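Shown below: protein_36.txt, with compact mmCIF, C-alpha atoms (C1' of nucleotides).
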```txt
# COMPACT_ATOMS: atom_id res chain seq x y z
CA MET A 18 -12.96 38.21 19.79
CA LYS A 19 -9.43 39.55 19.90
CA GLN A 20 -8.05 41.06 16.73
CA SER A 21 -5.20 38.59 16.67
CA LYS A 22 -7.44 35.57 17.05
CA LYS A 23 -9.69 36.87 14.32
CA THR A 24 -6.81 37.19 11.87
CA GLU A 25 -5.45 33.78 12.73
CA THR A 26 -8.86 32.28 12.06
CA ILE A 27 -9.22 33.82 8.63
CA ILE A 28 -5.66 32.90 7.67
CA LEU A 29 -6.25 29.28 8.69
CA GLN A 30 -9.53 29.29 6.82
CA ALA A 31 -7.88 30.56 3.65
CA ALA A 32 -4.98 28.14 4.02
CA LEU A 33 -7.38 25.23 4.34
CA GLU A 34 -9.31 26.27 1.24
CA LEU A 35 -6.16 26.59 -0.84
CA PHE A 36 -4.44 23.47 0.50
CA VAL A 37 -7.50 21.42 -0.37
CA ARG A 38 -7.80 22.90 -3.84
CA LYS A 39 -4.18 23.13 -4.91
CA GLY A 40 -2.26 21.03 -2.40
CA TYR A 41 0.17 22.05 0.30
CA HIS A 42 3.20 22.42 -1.94
CA GLY A 43 1.06 23.90 -4.68
CA THR A 44 0.01 26.75 -2.39
CA SER A 45 2.48 29.51 -1.55
CA ILE A 46 2.34 31.75 1.49
CA ASN A 47 1.78 34.65 -0.87
CA ASP A 48 -1.27 32.87 -2.28
CA ILE A 49 -2.71 32.56 1.19
CA MET A 50 -2.02 36.12 2.27
CA LYS A 51 -3.24 37.57 -1.00
CA LYS A 52 -6.53 35.78 -0.40
CA VAL A 53 -6.98 37.48 2.98
CA ASN A 54 -5.60 40.82 1.75
CA PHE A 55 -2.49 40.84 3.92
CA THR A 56 1.16 40.68 3.01
CA LYS A 57 3.46 37.80 3.65
CA GLY A 58 5.23 39.23 6.69
CA ALA A 59 1.98 39.41 8.62
CA LEU A 60 1.72 35.65 8.65
CA TYR A 61 4.84 35.36 10.75
CA ALA A 62 3.36 37.54 13.48
CA HIS A 63 0.84 34.75 14.03
CA PHE A 64 2.49 31.53 12.92
CA LYS A 65 6.07 30.49 12.98
CA SER A 66 6.10 28.63 9.66
CA LYS A 67 4.02 27.40 6.77
CA SER A 68 4.04 23.92 8.25
CA GLU A 69 2.54 25.19 11.49
CA LEU A 70 -0.57 26.08 9.49
CA LEU A 71 -0.83 22.47 8.49
CA PHE A 72 -0.44 21.17 12.03
CA LYS A 73 -3.07 23.59 13.28
CA ILE A 74 -5.48 22.36 10.61
CA ILE A 75 -4.80 18.72 11.47
CA GLU A 76 -5.57 19.60 15.09
CA GLU A 77 -8.81 21.28 14.08
CA PHE A 78 -9.71 18.27 11.95
CA LYS A 79 -9.31 16.03 14.97
CA THR A 80 -11.12 18.10 17.59
CA LYS A 81 -13.97 19.41 15.43
CA TYR A 82 -14.53 16.29 13.40
CA ILE A 83 -13.15 12.98 14.65
CA ASP A 84 -13.50 13.68 18.38
CA GLN A 85 -17.03 15.01 17.89
CA LEU A 86 -17.97 12.04 15.72
CA ILE A 87 -16.82 9.66 18.44
CA LYS A 88 -18.41 11.59 21.28
CA THR A 89 -21.87 12.07 19.78
CA THR A 90 -22.00 8.58 18.28
CA THR A 91 -21.13 7.05 21.64
CA GLU A 92 -23.86 9.07 23.32
CA HIS A 93 -26.38 8.19 20.62
CA LYS A 94 -29.14 5.90 21.86
CA GLY A 95 -29.73 2.57 20.14
CA ASP A 96 -27.97 -0.58 19.03
CA THR A 97 -24.85 -0.83 16.89
CA ILE A 98 -26.73 -0.51 13.61
CA GLU A 99 -28.40 2.67 14.77
CA LYS A 100 -25.06 4.00 15.94
CA LEU A 101 -23.37 3.22 12.65
CA ASN A 102 -26.25 4.88 10.84
CA TYR A 103 -25.84 7.88 13.08
CA ALA A 104 -22.11 7.98 12.33
CA LEU A 105 -22.87 7.96 8.61
CA SER A 106 -25.33 10.82 9.09
CA PHE A 107 -22.82 12.75 11.15
CA ASN A 108 -20.24 12.32 8.40
CA SER A 109 -22.61 13.47 5.70
CA GLU A 110 -23.79 16.49 7.60
CA PHE A 111 -20.28 17.43 8.56
CA ALA A 112 -19.22 17.14 4.93
CA LEU A 113 -22.08 19.44 3.95
CA LYS A 114 -21.22 22.09 6.51
CA ASN A 115 -17.43 21.86 6.41
CA PRO A 116 -16.55 20.39 3.03
CA ASP A 117 -12.98 21.62 3.01
CA LEU A 118 -12.11 20.42 6.48
CA CYS A 119 -13.84 17.13 5.80
CA VAL A 120 -11.80 16.27 2.73
CA PHE A 121 -8.61 17.71 4.15
CA LEU A 122 -6.85 14.57 5.33
CA THR A 123 -8.03 12.51 2.39
CA PHE A 124 -6.79 15.00 -0.14
CA MET A 125 -3.55 15.74 1.62
CA THR A 126 -2.26 12.23 2.21
CA THR A 127 0.32 12.20 -0.55
CA GLU A 128 1.86 15.49 0.34
CA LEU A 129 1.79 14.78 4.03
CA ASN A 130 4.00 11.83 3.20
CA SER A 131 6.81 14.15 2.21
CA ASN A 132 7.29 15.14 5.83
CA ILE A 133 7.76 12.60 8.59
CA ASP A 134 6.06 14.78 11.21
CA PHE A 135 3.02 15.33 9.03
CA GLN A 136 2.88 11.60 8.46
CA TYR A 137 2.90 10.87 12.16
CA ALA A 138 0.12 13.32 12.95
CA LEU A 139 -1.96 12.01 10.06
CA LYS A 140 -1.68 8.37 11.04
CA ALA A 141 -2.55 9.09 14.67
CA VAL A 142 -5.85 10.66 13.64
CA TYR A 143 -6.71 7.82 11.29
CA ARG A 144 -5.86 5.26 13.95
CA THR A 145 -8.25 6.88 16.43
CA TYR A 146 -10.99 6.92 13.82
CA MET A 147 -10.51 3.29 12.79
CA ASN A 148 -10.31 1.97 16.34
CA PHE A 149 -13.63 3.58 17.14
CA ILE A 150 -15.52 2.23 14.13
CA SER A 151 -13.86 -1.14 14.62
CA SER A 152 -15.06 -1.33 18.23
CA LEU A 153 -18.60 -0.48 17.09
CA ILE A 154 -18.53 -3.30 14.56
CA SER A 155 -17.14 -5.73 17.15
CA GLN A 156 -20.10 -4.88 19.36
CA GLY A 157 -22.46 -5.52 16.47
CA ILE A 158 -20.90 -8.92 15.83
CA ARG A 159 -21.17 -9.89 19.52
CA GLN A 160 -24.80 -8.80 19.47
CA GLY A 161 -25.35 -11.02 16.42
CA ILE A 162 -26.47 -8.13 14.23
CA ILE A 163 -23.43 -7.95 12.00
CA LYS A 164 -22.03 -10.81 9.91
CA ASN A 165 -19.51 -12.66 12.05
CA ASP A 166 -17.20 -13.57 9.17
CA LEU A 167 -16.13 -9.94 8.92
CA ASP A 168 -12.90 -8.80 10.51
CA PRO A 169 -13.84 -5.68 12.51
CA ASP A 170 -10.69 -3.73 11.60
CA LEU A 171 -11.08 -4.49 7.90
CA ALA A 172 -14.79 -3.70 7.95
CA ALA A 173 -13.93 -0.42 9.70
CA LEU A 174 -11.40 0.37 7.00
CA THR A 175 -14.10 -0.32 4.44
CA PHE A 176 -16.40 2.09 6.26
CA MET A 177 -13.70 4.74 6.12
CA ALA A 178 -12.88 3.85 2.54
CA ILE A 179 -16.46 4.42 1.45
CA HIS A 180 -16.53 7.74 3.21
CA ASP A 181 -13.14 8.88 1.86
CA GLY A 182 -13.83 7.64 -1.61
CA SER A 183 -17.31 9.08 -1.71
CA LEU A 184 -16.06 12.49 -0.71
CA HIS A 185 -13.45 12.22 -3.39
CA GLN A 186 -16.01 11.39 -6.04
CA TRP A 187 -18.31 14.06 -4.72
CA VAL A 188 -15.69 16.76 -5.05
CA LEU A 189 -14.93 15.62 -8.58
CA ASN A 190 -18.61 15.72 -9.53
CA ARG A 191 -20.01 18.38 -7.23
CA GLU A 192 -21.89 20.22 -9.96
CA HIS A 193 -23.84 17.28 -11.37
CA LEU A 194 -24.39 15.08 -8.34
CA ASP A 195 -27.29 15.00 -5.91
CA GLY A 196 -25.51 14.82 -2.57
CA ARG A 197 -28.44 13.47 -0.57
CA GLU A 198 -29.21 10.71 -3.05
CA TYR A 199 -25.56 9.77 -3.20
CA VAL A 200 -25.36 9.49 0.59
CA ARG A 201 -28.49 7.35 0.60
CA THR A 202 -26.93 5.08 -2.02
CA PHE A 203 -23.64 4.30 -0.35
CA ARG A 204 -25.30 4.11 3.04
CA THR A 205 -27.75 1.51 1.74
CA ILE A 206 -25.00 -0.49 0.10
CA PHE A 207 -22.73 -0.45 3.15
CA MET A 208 -25.38 -1.20 5.75
CA LYS A 209 -26.94 -3.99 3.73
CA GLY A 210 -23.46 -5.30 3.05
CA ILE A 211 -22.51 -5.76 6.68
CA THR A 212 -25.75 -6.93 8.29
CA LYS A 213 -26.79 -10.56 8.63
CA MET B 12 14.60 -1.63 -26.93
CA LYS B 13 16.12 1.63 -28.11
CA GLN B 14 18.40 3.40 -25.65
CA SER B 15 16.28 6.51 -25.76
CA LYS B 16 13.05 4.63 -25.10
CA LYS B 17 14.70 2.80 -22.21
CA THR B 18 15.74 6.05 -20.57
CA GLU B 19 12.31 7.57 -21.03
CA THR B 20 10.75 4.55 -19.37
CA ILE B 21 12.92 4.69 -16.27
CA ILE B 22 12.44 8.44 -15.96
CA LEU B 23 8.66 8.03 -16.12
CA GLN B 24 8.84 5.19 -13.62
CA ALA B 25 10.83 7.30 -11.17
CA ALA B 26 8.56 10.29 -11.70
CA LEU B 27 5.50 8.18 -10.95
CA GLU B 28 7.03 6.81 -7.75
CA LEU B 29 7.95 10.26 -6.49
CA PHE B 30 4.72 11.96 -7.54
CA VAL B 31 2.71 9.35 -5.68
CA ARG B 32 4.86 9.59 -2.55
CA LYS B 33 5.48 13.32 -2.35
CA GLY B 34 3.04 14.89 -4.76
CA TYR B 35 3.61 16.63 -8.05
CA HIS B 36 4.59 20.00 -6.62
CA GLY B 37 6.49 18.30 -3.82
CA THR B 38 8.73 16.57 -6.34
CA SER B 39 11.40 18.53 -8.22
CA ILE B 40 12.96 17.58 -11.51
CA ASN B 41 16.26 17.21 -9.67
CA ASP B 42 14.64 14.71 -7.31
CA ILE B 43 13.55 12.62 -10.26
CA MET B 44 16.84 12.74 -12.09
CA LYS B 45 18.86 12.06 -8.96
CA LYS B 46 16.81 8.93 -8.51
CA VAL B 47 17.76 7.64 -11.97
CA ASN B 48 21.35 8.93 -11.75
CA PHE B 49 21.09 11.49 -14.48
CA THR B 50 21.31 15.25 -14.40
CA LYS B 51 18.55 17.68 -15.08
CA GLY B 52 19.62 18.57 -18.59
CA ALA B 53 19.09 14.98 -19.70
CA LEU B 54 15.39 15.15 -18.94
CA TYR B 55 14.85 17.84 -21.53
CA ALA B 56 16.40 15.67 -24.22
CA HIS B 57 13.41 13.36 -23.75
CA PHE B 58 10.56 15.47 -22.43
CA LYS B 59 9.70 19.06 -23.07
CA SER B 60 8.49 19.91 -19.55
CA LYS B 61 7.73 18.58 -16.11
CA SER B 62 4.02 18.63 -16.88
CA GLU B 63 4.57 16.41 -19.91
CA LEU B 64 5.67 13.70 -17.49
CA LEU B 65 2.32 13.98 -15.79
CA PHE B 66 0.33 13.81 -19.01
CA LYS B 67 2.32 10.78 -20.12
CA ILE B 68 1.51 9.08 -16.81
CA ILE B 69 -2.17 9.92 -17.09
CA GLU B 70 -2.10 8.39 -20.57
CA GLU B 71 -0.40 5.26 -19.23
CA PHE B 72 -2.99 5.10 -16.44
CA LYS B 73 -5.75 5.12 -18.99
CA THR B 74 -4.36 2.65 -21.52
CA LYS B 75 -2.80 0.16 -19.10
CA TYR B 76 -5.47 0.30 -16.44
CA ILE B 77 -8.88 1.72 -17.34
CA ASP B 78 -8.97 0.59 -20.97
CA GLN B 79 -7.75 -2.89 -20.00
CA LEU B 80 -10.28 -3.11 -17.18
CA ILE B 81 -13.09 -2.27 -19.57
CA LYS B 82 -11.84 -4.56 -22.34
CA THR B 83 -11.26 -7.69 -20.25
CA THR B 84 -14.37 -7.22 -18.13
CA THR B 85 -16.50 -6.87 -21.25
CA GLU B 86 -15.01 -10.05 -22.67
CA HIS B 87 -15.45 -11.91 -19.40
CA LYS B 88 -18.09 -14.63 -19.59
CA GLY B 89 -21.01 -14.56 -17.19
CA ASP B 90 -23.79 -12.36 -15.91
CA THR B 91 -23.44 -8.87 -14.47
CA ILE B 92 -22.57 -10.09 -10.99
CA GLU B 93 -19.79 -12.25 -12.34
CA LYS B 94 -18.54 -9.32 -14.40
CA LEU B 95 -18.56 -6.97 -11.44
CA ASN B 96 -16.72 -9.59 -9.43
CA TYR B 97 -14.21 -9.89 -12.22
CA ALA B 98 -13.78 -6.11 -12.30
CA LEU B 99 -13.09 -6.15 -8.56
CA SER B 100 -10.51 -8.89 -9.04
CA PHE B 101 -8.90 -7.03 -11.91
CA ASN B 102 -8.63 -3.95 -9.73
CA SER B 103 -7.09 -5.85 -6.85
CA GLU B 104 -4.57 -7.65 -9.01
CA PHE B 105 -3.66 -4.49 -10.84
CA ALA B 106 -3.17 -2.73 -7.51
CA LEU B 107 -0.87 -5.52 -6.39
CA LYS B 108 1.26 -5.43 -9.53
CA ASN B 109 1.24 -1.68 -10.19
CA PRO B 110 0.51 -0.05 -6.83
CA ASP B 111 1.93 3.34 -7.80
CA LEU B 112 0.09 3.62 -11.09
CA CYS B 113 -3.08 2.36 -9.45
CA VAL B 114 -3.18 5.04 -6.77
CA PHE B 115 -1.89 7.73 -9.08
CA LEU B 116 -5.12 9.51 -10.00
CA THR B 117 -6.59 9.16 -6.53
CA PHE B 118 -3.57 10.59 -4.84
CA MET B 119 -3.04 13.34 -7.33
CA THR B 120 -6.51 14.82 -7.49
CA THR B 121 -5.84 17.87 -5.37
CA GLU B 122 -2.73 18.90 -7.18
CA LEU B 123 -4.20 18.17 -10.56
CA ASN B 124 -6.83 20.74 -9.65
CA SER B 125 -4.22 23.48 -9.71
CA ASN B 126 -3.92 23.15 -13.47
CA ILE B 127 -6.93 23.31 -15.76
CA ASP B 128 -5.42 20.95 -18.34
CA PHE B 129 -4.59 18.33 -15.73
CA GLN B 130 -8.13 18.67 -14.43
CA TYR B 131 -9.60 18.06 -17.83
CA ALA B 132 -7.50 14.97 -18.50
CA LEU B 133 -8.32 13.63 -15.04
CA LYS B 134 -12.06 14.02 -15.35
CA ALA B 135 -12.14 12.44 -18.78
CA VAL B 136 -10.56 9.26 -17.42
CA TYR B 137 -12.89 9.12 -14.44
CA ARG B 138 -15.91 9.69 -16.67
CA THR B 139 -14.95 6.75 -18.88
CA TYR B 140 -14.52 4.56 -15.81
CA MET B 141 -17.83 5.55 -14.23
CA ASN B 142 -19.84 5.20 -17.43
CA PHE B 143 -18.60 1.65 -17.84
CA ILE B 144 -19.41 0.51 -14.29
CA SER B 145 -22.72 2.34 -14.46
CA SER B 146 -23.70 0.50 -17.64
CA LEU B 147 -22.82 -2.82 -15.98
CA ILE B 148 -25.06 -2.00 -13.04
CA SER B 149 -27.89 -0.92 -15.35
CA GLN B 150 -27.66 -4.30 -17.03
CA GLY B 151 -27.81 -6.00 -13.65
CA ILE B 152 -30.93 -4.06 -12.74
CA ARG B 153 -32.64 -4.94 -16.03
CA GLN B 154 -31.75 -8.58 -15.44
CA GLY B 155 -33.33 -8.32 -11.99
CA ILE B 156 -30.12 -9.28 -10.19
CA ILE B 157 -29.33 -5.88 -8.72
CA LYS B 158 -31.63 -3.86 -6.46
CA ASN B 159 -33.74 -1.61 -8.67
CA ASP B 160 -33.95 1.24 -6.19
CA LEU B 161 -30.29 2.01 -6.88
CA ASP B 162 -29.33 4.76 -9.29
CA PRO B 163 -26.73 3.17 -11.60
CA ASP B 164 -24.48 6.24 -11.73
CA LEU B 165 -24.50 6.65 -7.96
CA ALA B 166 -23.91 2.95 -7.39
CA ALA B 167 -21.03 3.14 -9.87
CA LEU B 168 -19.59 6.07 -7.95
CA THR B 169 -19.88 3.98 -4.79
CA PHE B 170 -18.01 1.17 -6.51
CA MET B 171 -15.25 3.59 -7.44
CA ALA B 172 -15.34 5.16 -4.00
CA ILE B 173 -14.77 1.82 -2.32
CA HIS B 174 -11.88 1.09 -4.61
CA ASP B 175 -10.32 4.53 -4.26
CA GLY B 176 -10.85 4.66 -0.53
CA SER B 177 -9.59 1.14 0.00
CA LEU B 178 -6.40 1.87 -1.85
CA HIS B 179 -6.00 4.95 0.24
CA GLN B 180 -6.40 3.03 3.47
CA TRP B 181 -4.18 0.29 2.15
CA VAL B 182 -1.32 2.67 1.41
CA LEU B 183 -1.69 4.18 4.87
CA ASN B 184 -1.59 0.76 6.52
CA ARG B 185 0.49 -1.28 4.09
CA GLU B 186 2.73 -2.78 6.75
CA HIS B 187 0.06 -4.18 9.06
CA LEU B 188 -2.73 -5.07 6.68
CA ASP B 189 -3.44 -8.35 4.92
CA GLY B 190 -4.22 -7.22 1.39
CA ARG B 191 -6.09 -10.33 0.30
CA GLU B 192 -8.32 -10.38 3.37
CA TYR B 193 -9.02 -6.70 2.96
CA VAL B 194 -10.06 -7.19 -0.65
CA ARG B 195 -12.32 -10.08 0.38
CA THR B 196 -13.92 -7.84 3.01
CA PHE B 197 -14.86 -4.87 0.89
CA ARG B 198 -15.83 -7.11 -2.00
CA THR B 199 -18.23 -9.03 0.24
CA ILE B 200 -19.70 -5.84 1.62
CA PHE B 201 -20.18 -4.21 -1.76
CA MET B 202 -21.59 -7.23 -3.57
CA LYS B 203 -24.00 -8.11 -0.79
CA GLY B 204 -24.94 -4.45 -0.60
CA ILE B 205 -26.08 -4.17 -4.20
CA THR B 206 -27.72 -7.54 -4.85
CA LYS B 207 -31.38 -8.29 -4.29
C1' DA C 13 32.32 11.52 -38.77
C1' DA C 14 27.54 12.20 -37.71
C1' DA C 15 23.93 12.05 -34.52
C1' DA C 16 22.08 11.22 -30.22
C1' DA C 17 22.48 11.48 -25.22
C1' DA C 18 24.03 13.48 -21.25
C1' DA C 19 26.69 16.83 -18.35
C1' DT C 20 27.67 21.44 -17.20
C1' DA C 21 26.65 25.89 -16.34
C1' DC C 22 23.54 29.15 -16.48
C1' DT C 23 18.85 32.18 -16.47
C1' DG C 24 14.88 34.60 -14.32
C1' DA C 25 11.24 33.67 -11.29
C1' DT C 26 9.55 32.22 -7.09
C1' DC C 27 9.98 29.90 -2.83
C1' DG C 28 9.86 30.22 2.59
C1' DG C 29 11.46 33.13 5.79
C1' DT C 30 13.61 37.64 7.97
C1' DT C 31 14.19 42.40 8.82
C1' DA C 32 13.48 47.39 9.80
C1' DG C 33 10.26 50.49 10.19
C1' DT C 34 5.21 52.17 10.22
C1' DT C 35 0.42 52.00 11.56
C1' DT C 36 -3.18 50.43 14.50
C1' DT C 37 -4.95 48.72 18.74
C1' DT C 38 -4.74 48.07 23.55
C1' DT C 39 -3.28 49.32 28.09
C1' DC C 40 -1.95 52.40 31.55
C1' DT C 41 -1.80 56.92 33.83
C1' DT C 42 -3.90 60.94 35.27
C1' DA D 10 -12.68 60.37 29.79
C1' DA D 11 -8.41 61.94 27.52
C1' DG D 12 -3.99 61.37 26.22
C1' DA D 13 0.51 59.17 26.59
C1' DA D 14 3.04 54.90 26.49
C1' DA D 15 3.44 50.23 25.28
C1' DA D 16 2.28 46.36 22.64
C1' DA D 17 0.57 44.14 18.75
C1' DA D 18 -0.32 43.95 13.84
C1' DC D 19 1.13 44.89 9.51
C1' DT D 20 3.94 46.48 5.25
C1' DA D 21 7.58 46.54 1.99
C1' DA D 22 11.93 45.37 0.81
C1' DC D 23 15.05 41.92 0.92
C1' DC D 24 17.71 37.29 1.90
C1' DG D 25 19.64 32.82 0.33
C1' DA D 26 17.89 28.67 -1.61
C1' DT D 27 15.57 26.33 -4.95
C1' DC D 28 12.48 26.04 -8.72
C1' DA D 29 11.58 24.92 -13.93
C1' DG D 30 13.68 25.61 -17.96
C1' DT D 31 17.63 26.84 -21.61
C1' DA D 32 22.07 27.14 -24.01
C1' DT D 33 26.32 25.20 -24.67
C1' DT D 34 29.76 21.79 -24.38
C1' DT D 35 31.29 17.09 -23.73
C1' DT D 36 30.67 12.16 -24.09
C1' DT D 37 28.74 8.10 -26.01
C1' DT D 38 26.68 5.45 -29.54
C1' DT D 39 26.24 3.98 -34.18
```

Structure re-expressed in structure tokens:
Amino acid sequence: MKQSKKTETIILQAALELFVRKGYHGTSINDIMKKVNFTKGALYAHFKSKSELLFKIIEEFKTKYIDQLIKTTTEHKGDTIEKLNYALSFNSEFALKNPDLCVFLTFMTTELNSNIDFQYALKAVYRTYMNFISSLISQGIRQGIIKNDLDPDLAALTFMAIHDGSLHQWVLNREHLDGREYVRTFRTIFMKGITK
Amino acid sequence: MKQSKKTETIILQAALELFVRKGYHGTSINDIMKKVNFTKGALYAHFKSKSELLFKIIEEFKTKYIDQLIKTTTEHKGDTIEKLNYALSFNSEFALKNPDLCVFLTFMTTELNSNIDFQYALKAVYRTYMNFISSLISQGIRQGIIKNDLDPDLAALTFMAIHDGSLHQWVLNREHLDGREYVRTFRTIFMKGITK
DNA sequence: AAAAAAATACTGATCGGTTAGTTTTTTCTT
DNA sequence: AAGAAAAAACTAACCGATCAGTATTTTTTT
């Protein structure tokens, strides 16, 4: 890998870690560069602004997470219930392997609101996510597997809410919380809650 | 009401609004005071620091929201299911009347992490909340109403996760989202998900 | 007139970002 | 393969703006 690409990767990695822990505005460029043992000026050889870091991370969030979730879930064999279960598993495994990236959008919402361009990028990703889950649930309703008094969009938002909220609680209680058991719990509750 | 108390109230109100929309670090003292048509110096006649605003809001969050939720739910007549349903209603109504205060802790988590004292105050409130819901669920299990393969703490976290996450999604989609229908949806899913 | 509330004017520190110059890496020439 | 030239990566010092916070003066309330 090229030197330049390598540096950009570690800067983005450090930025993500700090943004998630202290917020975008709570993290200074010096904080980031100190973490990777470079000085501030070096950042501007690779990125044109602090905000570009954020946009790059949003992009990564979409391609590595949301797009992959949609792709592999679509390809997954089985009916809607099995697909939703797979999506839940994908989420949990992704959260285990990339905790910072996974909580990124959830944790950043407030601060992303302070900039109209951040806001736009954020909503676009969420829209893609919701539309996909919503279409899965619609399928399930047509197939008669999922309760037909549920609005697919609202049920999809609930799916996302459980995931977002669970991650939130998990981060708050990381040290004294059995991740696997927790996943099993909210998966059971959600799946039983939507099926006929 | 005393003049001084009145001013303090509107400053706190403005601070809350801005913190929730732009984050703690994303909001400057000038932003707050511009909003209430005072100058910066005036703030320090009432509060000793920016962080004191935050602690005061956390306190308000606890006394007006969490403590009230616990008190009125405890007093509510009925079995555990009815109490949990009441708690869900309380949450929804509180969110409708005090949207900013309601989302405050959820939206502020990341930034609160940048300060150890914020972190401590935050976790204490969440702990109180979780312990209460957990004890309700334990009751329900003993009464044979709630599935006994659920861990009460983890189910309580799921309850909180749904609430947190739903608020999050609601704020993101305020304009094109029917609040009441949304509440009905995640309430149905959660309650069906935990009952035998 | 006394006391409280607010405005004004300021401090030092830190912010994101820029610059000039140095070191390291890559590319080209032989 | 060796060495020169070019390009890329990085540092350190610095910029103007803005930050939280303070000291002092003016205005308002009682």

Looking at only C-alpha atoms (C1' of nucleotides), which of D:DT36, D:DT31, D:DA21, D:DA14 is the one that sits closest to DA19 (chain C)?
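Smallest separation from DA19 (chain C) among the options: D:DT36.
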
To box region 117-132 of chain B, take all atoms listed in the file, fit an axis-aligned box, add 6 Å on each side, and give centre and edge lengths in Å to one decimal, as AutoDock Vina command-line options.
```
--center_x -6.2 --center_y 16.3 --center_z -11.7 --size_x 18.9 --size_y 26.3 --size_z 25.7
```

For chain D against chain A, which residues fall within 12 Å using only C-alpha atoms (C1' of nucleotides), given as an MDAnalysis selection string?
chainID D and resid 17:23

Pull out every residue of chain C sitting within 9 Å of chain B, counting all atoms listed in the file, and send them as a tab-separated table (two decimals) with C-alpha atoms (C1' of nucleotides), keeping the file's coordinate frame.
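What landed in selection.tsv:
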```tsv
chain	number	residue	atom	x	y	z
C	16	DA	C1'	22.08	11.22	-30.22
C	17	DA	C1'	22.48	11.48	-25.22
C	18	DA	C1'	24.03	13.48	-21.25
C	19	DA	C1'	26.69	16.83	-18.35
C	20	DT	C1'	27.67	21.44	-17.20
```

Can you tell me how far CA of Leu161 (chain B) sits from CA of Leu194 (chain A), in Å to one decimal?
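Between CA of Leu161 (chain B) and CA of Leu194 (chain A) the gap is 14.4 Å.
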
Exercise: Glu104 (chain B) partners within 12 Å, only C-alpha atoms (C1' of nucleotides), chain neighbours under 5 positions left out, as a PyMOL selection string
chain B and resi 76+80+97-99+109-110+113+190-191+194

I need the chain A residues near chain B as an NGL selection string; criterion: at most 6 Å, counting all atoms listed in the file.
:A and (38-40 or 42-43 or 127-128 or 130-131 or 171 or 175 or 178-179 or 181-183 or 199 or 203 or 206-207 or 209-211)

Record the distance separating CA of Leu95 (chain B) and CA of Gln79 (chain B), expressed in Å with one decimal.
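Atom-to-atom, CA of Leu95 (chain B) and CA of Gln79 (chain B) are spaced 14.4 Å apart.
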
Save chain D to a file: C-alpha atoms (C1' of nucleotides), as a short mmCIF file (atom, residue, chain, number, x, y, z; two decimals), in the first residue's frame.
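Saved to selection23.cif:
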```
data_model
loop_
_atom_site.label_atom_id
_atom_site.label_comp_id
_atom_site.auth_asym_id
_atom_site.auth_seq_id
_atom_site.Cartn_x
_atom_site.Cartn_y
_atom_site.Cartn_z
"C1'" DA D 10 22.24 -0.79 -9.79
"C1'" DA D 11 23.60 3.91 -8.43
"C1'" DG D 12 22.83 8.47 -8.05
"C1'" DA D 13 20.46 12.70 -9.33
"C1'" DA D 14 16.08 15.02 -9.75
"C1'" DA D 15 11.39 15.45 -8.66
"C1'" DA D 16 7.54 14.69 -5.85
"C1'" DA D 17 5.35 13.70 -1.70
"C1'" DA D 18 5.14 13.82 3.28
"C1'" DC D 19 5.97 16.15 7.24
"C1'" DT D 20 7.39 19.83 10.84
"C1'" DA D 21 7.27 24.05 13.30
"C1'" DA D 22 5.91 28.49 13.57
"C1'" DC D 23 2.33 31.38 12.82
"C1'" DC D 24 -2.39 33.58 11.31
"C1'" DG D 25 -6.95 35.59 12.45
"C1'" DA D 26 -11.06 34.10 14.69
"C1'" DT D 27 -13.33 32.41 18.43
"C1'" DC D 28 -13.53 30.13 22.74
"C1'" DA D 29 -14.67 30.25 28.03
"C1'" DG D 30 -14.12 33.15 31.55
"C1'" DT D 31 -13.09 37.81 34.33
"C1'" DA D 32 -13.00 42.65 35.78
"C1'" DT D 33 -15.13 46.86 35.56
"C1'" DT D 34 -18.68 50.02 34.58
"C1'" DT D 35 -23.42 51.18 33.62
"C1'" DT D 36 -28.33 50.43 34.08
"C1'" DT D 37 -32.32 48.76 36.34
"C1'" DT D 38 -34.93 47.34 40.21
"C1'" DT D 39 -36.43 47.79 44.84
#
```
